[in-house]
>>> print(open('final_20.pdb').read())   # PDB, C-alpha atoms
ATOM      1  CA  MET A   1      -1.205 -15.328  50.013
ATOM      2  CA  GLU A   2      -4.008 -17.860  50.322
ATOM      3  CA  ARG A   3      -2.999 -21.480  49.941
ATOM      4  CA  LEU A   4      -5.134 -23.215  47.352
ATOM      5  CA  THR A   5      -6.231 -26.616  48.521
ATOM      6  CA  TYR A   6      -7.846 -29.214  46.317
ATOM      7  CA  ASP A   7     -11.193 -28.605  48.043
ATOM      8  CA  LYS A   8     -10.993 -24.838  47.460
ATOM      9  CA  MET A   9     -10.210 -25.356  43.777
ATOM     10  CA  VAL A  10     -13.092 -27.802  43.390
ATOM     11  CA  ALA A  11     -15.450 -25.357  45.133
ATOM     12  CA  ALA A  12     -14.279 -22.497  42.887
ATOM     13  CA  MET A  13     -14.820 -24.613  39.767
ATOM     14  CA  LEU A  14     -18.281 -25.808  40.873
ATOM     15  CA  THR A  15     -19.445 -22.262  41.652
ATOM     16  CA  ASP A  16     -17.810 -20.633  38.586
ATOM     17  CA  ASP A  17     -15.959 -18.303  40.963
ATOM     18  CA  ALA A  18     -14.181 -15.631  38.916
ATOM     19  CA  ASP A  19     -12.133 -14.593  41.970
ATOM     20  CA  TYR A  20      -9.949 -17.644  41.306
ATOM     21  CA  ASP A  21      -9.425 -16.980  37.582
ATOM     22  CA  GLY A  22      -5.692 -16.940  36.905
ATOM     23  CA  LYS A  23      -4.825 -18.434  40.293
ATOM     24  CA  PHE A  24      -5.149 -21.905  38.802
ATOM     25  CA  PHE A  25      -6.491 -23.580  35.675
ATOM     26  CA  VAL A  26      -8.952 -26.441  35.359
ATOM     27  CA  CYS A  27      -7.625 -29.080  32.937
ATOM     28  CA  VAL A  28      -9.980 -31.759  31.653
ATOM     29  CA  LYS A  29      -8.195 -34.989  30.710
ATOM     30  CA  THR A  30     -11.005 -36.357  28.511
ATOM     31  CA  THR A  31     -11.223 -33.269  26.271
ATOM     32  CA  GLY A  32      -7.644 -32.002  26.491
ATOM     33  CA  ILE A  33      -8.907 -28.500  27.287
ATOM     34  CA  TYR A  34      -7.968 -26.108  30.092
ATOM     35  CA  CYS A  35     -10.312 -23.446  31.454
ATOM     36  CA  VAL A  36     -10.417 -20.684  34.025
ATOM     37  CA  PRO A  37     -12.455 -21.642  37.133
ATOM     38  CA  SER A  38     -15.341 -19.352  36.125
ATOM     39  CA  CYS A  39     -15.864 -21.019  32.733
ATOM     40  CA  LYS A  40     -19.552 -21.565  31.985
ATOM     41  CA  ALA A  41     -18.954 -24.788  30.035
ATOM     42  CA  LYS A  42     -20.461 -28.014  31.333
ATOM     43  CA  THR A  43     -18.827 -29.001  34.617
ATOM     44  CA  PRO A  44     -16.557 -32.007  34.091
ATOM     45  CA  MET A  45     -16.516 -35.072  36.312
ATOM     46  CA  LEU A  46     -13.937 -34.627  39.080
ATOM     47  CA  LYS A  47     -12.123 -37.828  38.152
ATOM     48  CA  ASN A  48     -11.289 -36.196  34.787
ATOM     49  CA  VAL A  49      -9.941 -32.924  36.243
ATOM     50  CA  VAL A  50      -6.383 -31.844  36.954
ATOM     51  CA  PHE A  51      -5.672 -28.440  38.506
ATOM     52  CA  LEU A  52      -2.547 -26.656  37.305
ATOM     53  CA  PRO A  53      -1.156 -23.332  38.573
ATOM     54  CA  SER A  54      -0.451 -21.688  35.199
ATOM     55  CA  LYS A  55      -1.355 -21.618  31.513
ATOM     56  CA  LYS A  56       2.237 -22.470  30.718
ATOM     57  CA  GLU A  57       2.027 -25.696  32.720
ATOM     58  CA  ALA A  58      -1.335 -26.571  31.179
ATOM     59  CA  VAL A  59       0.068 -26.192  27.657
ATOM     60  CA  ALA A  60       3.211 -28.108  28.598
ATOM     61  CA  ALA A  61       0.964 -30.947  29.832
ATOM     62  CA  GLY A  62      -0.727 -31.085  26.418
ATOM     63  CA  PHE A  63      -3.898 -29.114  27.087
ATOM     64  CA  ARG A  64      -5.288 -26.421  24.781
ATOM     65  CA  GLY A  65      -7.264 -23.301  25.671
ATOM     66  CA  CYS A  66     -11.045 -23.336  25.939
ATOM     67  CA  LYS A  67     -12.907 -21.505  23.184
ATOM     68  CA  ARG A  68     -15.757 -20.633  25.529
ATOM     69  CA  CYS A  69     -13.832 -18.912  28.351
ATOM     70  CA  ARG A  70     -10.842 -18.029  26.129
ATOM     71  CA  SER A  71      -8.488 -19.260  28.846
ATOM     72  CA  GLU A  72      -5.455 -19.016  26.572
ATOM     73  CA  PHE A  73      -5.929 -15.231  26.475
ATOM     74  CA  PHE A  74      -6.533 -14.748  30.200
ATOM     75  CA  PRO A  75      -6.630 -12.091  31.645
ATOM     76  CA  ASP A  76      -7.395 -10.236  28.405
ATOM     77  CA  VAL A  77     -10.193 -12.552  27.345
ATOM     78  CA  HIS A  78     -11.908 -10.202  24.914
ATOM     79  CA  PRO A  79     -10.485  -9.697  21.439
ATOM     80  CA  ASP A  80      -9.205  -6.263  20.399
ATOM     81  CA  TRP A  81     -12.313  -5.492  18.325
ATOM     82  CA  TRP A  82     -14.771  -6.190  21.174
ATOM     83  CA  GLU A  83     -14.780  -2.697  22.717
ATOM     84  CA  LYS A  84     -15.052  -1.042  19.283
ATOM     85  CA  ALA A  85     -18.118  -3.131  18.444
ATOM     86  CA  LEU A  86     -19.816  -2.461  21.790
ATOM     87  CA  ASP A  87     -19.028   1.255  21.620
ATOM     88  CA  LEU A  88     -20.607   1.470  18.169
ATOM     89  CA  MET A  89     -23.732  -0.351  19.321
ATOM     90  CA  LYS A  90     -24.116   1.749  22.452
ATOM     91  CA  SER A  91     -23.536   5.046  20.663
ATOM     92  CA  GLU A  92     -25.905   4.277  17.786
ATOM     93  CA  ILE A  93     -29.134   3.492  19.623
ATOM     94  CA  THR A  94     -31.163   5.837  17.453
ATOM     95  CA  ARG A  95     -30.612   3.883  14.244
ATOM     96  CA  LYS A  96     -30.281   0.365  12.984
ATOM     97  CA  ILE A  97     -26.701  -0.670  12.245
ATOM     98  CA  THR A  98     -25.798  -3.284   9.664
ATOM     99  CA  GLU A  99     -23.582  -6.311  10.020
ATOM    100  CA  ASP A 100     -21.296  -4.897   7.303
ATOM    101  CA  GLU A 101     -20.885  -1.693   9.301
ATOM    102  CA  LEU A 102     -20.110  -3.681  12.448
ATOM    103  CA  ALA A 103     -17.558  -5.851  10.625
ATOM    104  CA  GLY A 104     -15.945  -2.716   9.163
ATOM    105  CA  ILE A 105     -15.540  -1.057  12.565
ATOM    106  CA  ALA A 106     -14.243  -4.265  14.149
ATOM    107  CA  SER A 107     -11.993  -5.113  11.183
ATOM    108  CA  VAL A 108     -12.958  -8.785  11.389
ATOM    109  CA  ASP A 109     -15.287 -11.038   9.445
ATOM    110  CA  ILE A 110     -18.931 -10.865  10.528
ATOM    111  CA  SER A 111     -18.988 -14.630  11.117
ATOM    112  CA  THR A 112     -16.338 -14.151  13.826
ATOM    113  CA  ILE A 113     -18.446 -11.436  15.451
ATOM    114  CA  ARG A 114     -21.587 -13.571  15.282
ATOM    115  CA  ARG A 115     -19.810 -16.581  16.792
ATOM    116  CA  TYR A 116     -18.332 -14.488  19.606
ATOM    117  CA  PHE A 117     -21.695 -12.911  20.434
ATOM    118  CA  LYS A 118     -23.384 -16.327  20.450
ATOM    119  CA  ILE A 119     -20.808 -17.691  22.899
ATOM    120  CA  TYR A 120     -20.461 -14.714  25.245
ATOM    121  CA  MET A 121     -23.743 -12.826  24.924
ATOM    122  CA  GLU A 122     -25.980 -15.774  23.975
ATOM    123  CA  THR A 123     -27.508 -13.761  21.145
ATOM    124  CA  THR A 124     -26.597 -12.299  17.772
ATOM    125  CA  PRO A 125     -24.973  -8.859  17.440
ATOM    126  CA  ILE A 126     -28.027  -7.472  15.646
ATOM    127  CA  ALA A 127     -30.399  -8.832  18.310
ATOM    128  CA  PHE A 128     -28.162  -7.347  21.018
ATOM    129  CA  HIS A 129     -28.247  -3.955  19.286
ATOM    130  CA  ARG A 130     -32.038  -4.194  18.861
ATOM    131  CA  LYS A 131     -32.324  -4.827  22.613
ATOM    132  CA  LEU A 132     -30.265  -1.695  23.331
ATOM    133  CA  ARG A 133     -32.531   0.320  21.011
ATOM    134  CA  LEU A 134     -35.662  -1.097  22.662
ATOM    135  CA  GLU A 135     -34.327  -0.251  26.141
ATOM    136  CA  HIS A 136     -33.727   3.310  24.968
ATOM    137  CA  ALA A 137     -37.203   3.451  23.406
ATOM    138  CA  ARG A 138     -38.871   2.172  26.577
ATOM    139  CA  SER A 139     -36.993   4.767  28.610
ATOM    140  CA  LEU A 140     -38.207   7.555  26.316
ATOM    141  CA  ILE A 141     -41.800   6.306  26.417
ATOM    142  CA  GLU A 142     -41.730   6.061  30.209
ATOM    143  CA  LYS A 143     -40.590   9.688  30.302
ATOM    144  CA  GLY A 144     -43.730  10.641  28.372
ATOM    145  CA  LYS A 145     -42.512  10.667  24.775
ATOM    146  CA  ASP A 146     -44.987   9.521  22.114
ATOM    147  CA  TYR A 147     -44.201   5.914  21.256
ATOM    148  CA  LEU A 148     -44.850   6.227  17.533
ATOM    149  CA  THR A 149     -42.269   9.004  17.258
ATOM    150  CA  THR A 150     -39.959   7.063  19.553
ATOM    151  CA  ALA A 151     -40.148   4.040  17.266
ATOM    152  CA  TYR A 152     -38.787   6.008  14.331
ATOM    153  CA  GLU A 153     -36.247   7.848  16.490
ATOM    154  CA  CYS A 154     -34.848   4.493  17.642
ATOM    155  CA  GLY A 155     -34.292   3.236  14.112
ATOM    156  CA  PHE A 156     -37.395   1.133  13.582
ATOM    157  CA  GLU A 157     -38.735   1.384  10.045
ATOM    158  CA  SER A 158     -42.381   0.718  10.858
ATOM    159  CA  ALA A 159     -44.740   1.087  13.777
ATOM    160  CA  SER A 160     -45.819  -2.546  13.502
ATOM    161  CA  GLY A 161     -42.219  -3.781  13.485
ATOM    162  CA  PHE A 162     -41.488  -1.703  16.581
ATOM    163  CA  ARG A 163     -44.648  -2.945  18.306
ATOM    164  CA  ASP A 164     -43.838  -6.591  17.540
ATOM    165  CA  ALA A 165     -40.234  -6.251  18.740
ATOM    166  CA  PHE A 166     -41.374  -4.421  21.877
ATOM    167  CA  ILE A 167     -43.930  -7.105  22.753
ATOM    168  CA  LYS A 168     -41.380  -9.854  22.138
ATOM    169  CA  GLN A 169     -38.850  -8.117  24.411
ATOM    170  CA  TYR A 170     -41.116  -6.929  27.229
ATOM    171  CA  GLY A 171     -44.321  -8.956  26.971
ATOM    172  CA  TYR A 172     -46.592  -5.932  26.617
ATOM    173  CA  THR A 173     -47.307  -3.205  24.054
ATOM    174  CA  PRO A 174     -45.466   0.117  23.965
ATOM    175  CA  GLY A 175     -48.692   1.885  24.951
ATOM    176  CA  LYS A 176     -48.632   0.179  28.342
ATOM    177  CA  SER A 177     -45.176   1.639  29.077
ATOM    178  CA  ASN A 178     -46.371   5.190  29.419
ATOM    179  CA  GLY A 179     -48.647   4.348  32.302
ATOM    180  CA  ASN A 180     -51.934   5.215  30.600
ATOM    181  CA  GLY A 181     -52.735   1.600  29.759
ATOM    182  CA  LYS A 182     -54.039   2.563  26.324
ATOM    183  CA  ASN A 183     -53.003   0.468  23.394
ATOM    184  CA  ARG A 184     -53.003   2.656  20.280
ATOM    185  CA  LEU A 185     -50.745   0.698  17.929
TER     186      LEU A 185
END
>>> encode(input="final_20.pdb", output="structure tokens")
Amino acid sequence: MERLTYDKMVAAMLTDDADYDGKFFVCVKTTGIYCVPSCKAKTPMLKNVVFLPSKKEAVAAGFRGCKRCRSEFFPDVHPDWWEKALDLMKSEITRKITEDELAGIASVDISTIRRYFKIYMETTPIAFHRKLRLEHARSLIEKGKDYLTTAYECGFESASGFRDAFIKQYGYTPGKSNGNGKNRL
């Protein structure tokens, strides 16, 4: 087993190296928070850091888990509802899902889902689902499918709404995706 030196732990923390997650925890004296080495939170000053070998020792020393990296739940950092929500979004790329539907499947309040997506995906759940639908739409268009039909088949309610979302996501119109360069919408 590899011996963890201070320098190795500092290097792992500075590079957000997930290979060291669970091998030690980064405890920040000024905030009272402990993180896994791969945490994406702002890197603390080294003079404020203590490295501890376990969550148990971090808690015993008075530190609490980080809400960003969910260190208190390591190694199962995702909540139980996470996979259900992602599965729903990935399986329903041909229609728009609602926040109420997502909250119902996940069995948690939508504000919890929104907060989690903001922290871990850096977007909202609805924006994430829209991106999945747009990726599917672009794939269909690139395979030669008519983009107006594709828009409706991917859950967009209007051609202009689809066009605007497509341009925002990809920087060009759906008509440019099919290789003919024509812009019909």
>>> resolve_selection(input="final_20.pdb", expression="the PyMOL selection byres ((chain A and resi 102-106) around 9)", output="PDB file with C-alpha atoms, keeping the file's coordinate frame")
ATOM      1  CA  ASP A  80      -9.205  -6.263  20.399  1.00  0.00           C
ATOM      2  CA  TRP A  81     -12.313  -5.492  18.325  1.00  0.00           C
ATOM      3  CA  TRP A  82     -14.771  -6.190  21.174  1.00  0.00           C
ATOM      4  CA  GLU A  83     -14.780  -2.697  22.717  1.00  0.00           C
ATOM      5  CA  LYS A  84     -15.052  -1.042  19.283  1.00  0.00           C
ATOM      6  CA  ALA A  85     -18.118  -3.131  18.444  1.00  0.00           C
ATOM      7  CA  LEU A  88     -20.607   1.470  18.169  1.00  0.00           C
ATOM      8  CA  MET A  89     -23.732  -0.351  19.321  1.00  0.00           C
ATOM      9  CA  ILE A  97     -26.701  -0.670  12.245  1.00  0.00           C
ATOM     10  CA  THR A  98     -25.798  -3.284   9.664  1.00  0.00           C
ATOM     11  CA  GLU A  99     -23.582  -6.311  10.020  1.00  0.00           C
ATOM     12  CA  ASP A 100     -21.296  -4.897   7.303  1.00  0.00           C
ATOM     13  CA  GLU A 101     -20.885  -1.693   9.301  1.00  0.00           C
ATOM     14  CA  SER A 107     -11.993  -5.113  11.183  1.00  0.00           C
ATOM     15  CA  VAL A 108     -12.958  -8.785  11.389  1.00  0.00           C
ATOM     16  CA  ASP A 109     -15.287 -11.038   9.445  1.00  0.00           C
ATOM     17  CA  ILE A 110     -18.931 -10.865  10.528  1.00  0.00           C
ATOM     18  CA  SER A 111     -18.988 -14.630  11.117  1.00  0.00           C
ATOM     19  CA  THR A 112     -16.338 -14.151  13.826  1.00  0.00           C
ATOM     20  CA  ILE A 113     -18.446 -11.436  15.451  1.00  0.00           C
ATOM     21  CA  PRO A 125     -24.973  -8.859  17.440  1.00  0.00           C
TER      22      PRO A 125
END
>>> closest_residue(input="final_20.pdb", among="A:Leu14, A:Met9, A:Leu132, A:Ala58", to="A:Pro44", atoms="all atoms listed in the file")
A:Leu14
>>> resolve_selection(input="final_20.pdb", expression="the PyMOL selection byres ((chain A and resi 96) around 8)", output="MDAnalysis selection string")
chainID A and resid 92:95 97:98 129:130 154:156
>>> write_last_selection(input="final_20.pdb", atoms="C-alpha atoms", output="short mmCIF file (atom, residue, chain, number, x, y, z; two decimals), in the coordinates of the input")
data_model
loop_
_atom_site.label_atom_id
_atom_site.label_comp_id
_atom_site.auth_asym_id
_atom_site.auth_seq_id
_atom_site.Cartn_x
_atom_site.Cartn_y
_atom_site.Cartn_z
CA GLU A 92 -25.90 4.28 17.79
CA ILE A 93 -29.13 3.49 19.62
CA THR A 94 -31.16 5.84 17.45
CA ARG A 95 -30.61 3.88 14.24
CA ILE A 97 -26.70 -0.67 12.24
CA THR A 98 -25.80 -3.28 9.66
CA HIS A 129 -28.25 -3.96 19.29
CA ARG A 130 -32.04 -4.19 18.86
CA CYS A 154 -34.85 4.49 17.64
CA GLY A 155 -34.29 3.24 14.11
CA PHE A 156 -37.40 1.13 13.58
#
>>> residues_around(input="final_20.pdb", residues="A:Asp19", least_positions_apart="5", cutoff="12 Å", atoms="all atoms listed in the file", output="PyMOL selection string")
chain A and resi 8-9+11-13+24+36-39+75
>>> closest_residue(input="final_20.pdb", among="A:Glu157, A:Arg138, A:Thr149, A:Phe128", to="A:Tyr172", atoms="all atoms listed in the file")
A:Arg138
>>> axis_aligned_box(input="final_20.pdb", around="stretch 60-72 of chain A", padding_each_side="4 Å", output="AutoDock Vina command-line options")
--center_x -6.3 --center_y -24.6 --center_z 26.5 --size_x 27.0 --size_y 21.1 --size_z 14.6
>>> residues_around(input="final_20.pdb", residues="A:Pro53", least_positions_apart="2", cutoff="10 Å", atoms="only C-alpha atoms", output="list in words")
Leu4, Gly22, Lys23, Phe24, Phe25, Val26, Phe51, Lys55, Lys56, Glu57 and Ala58 of chain A
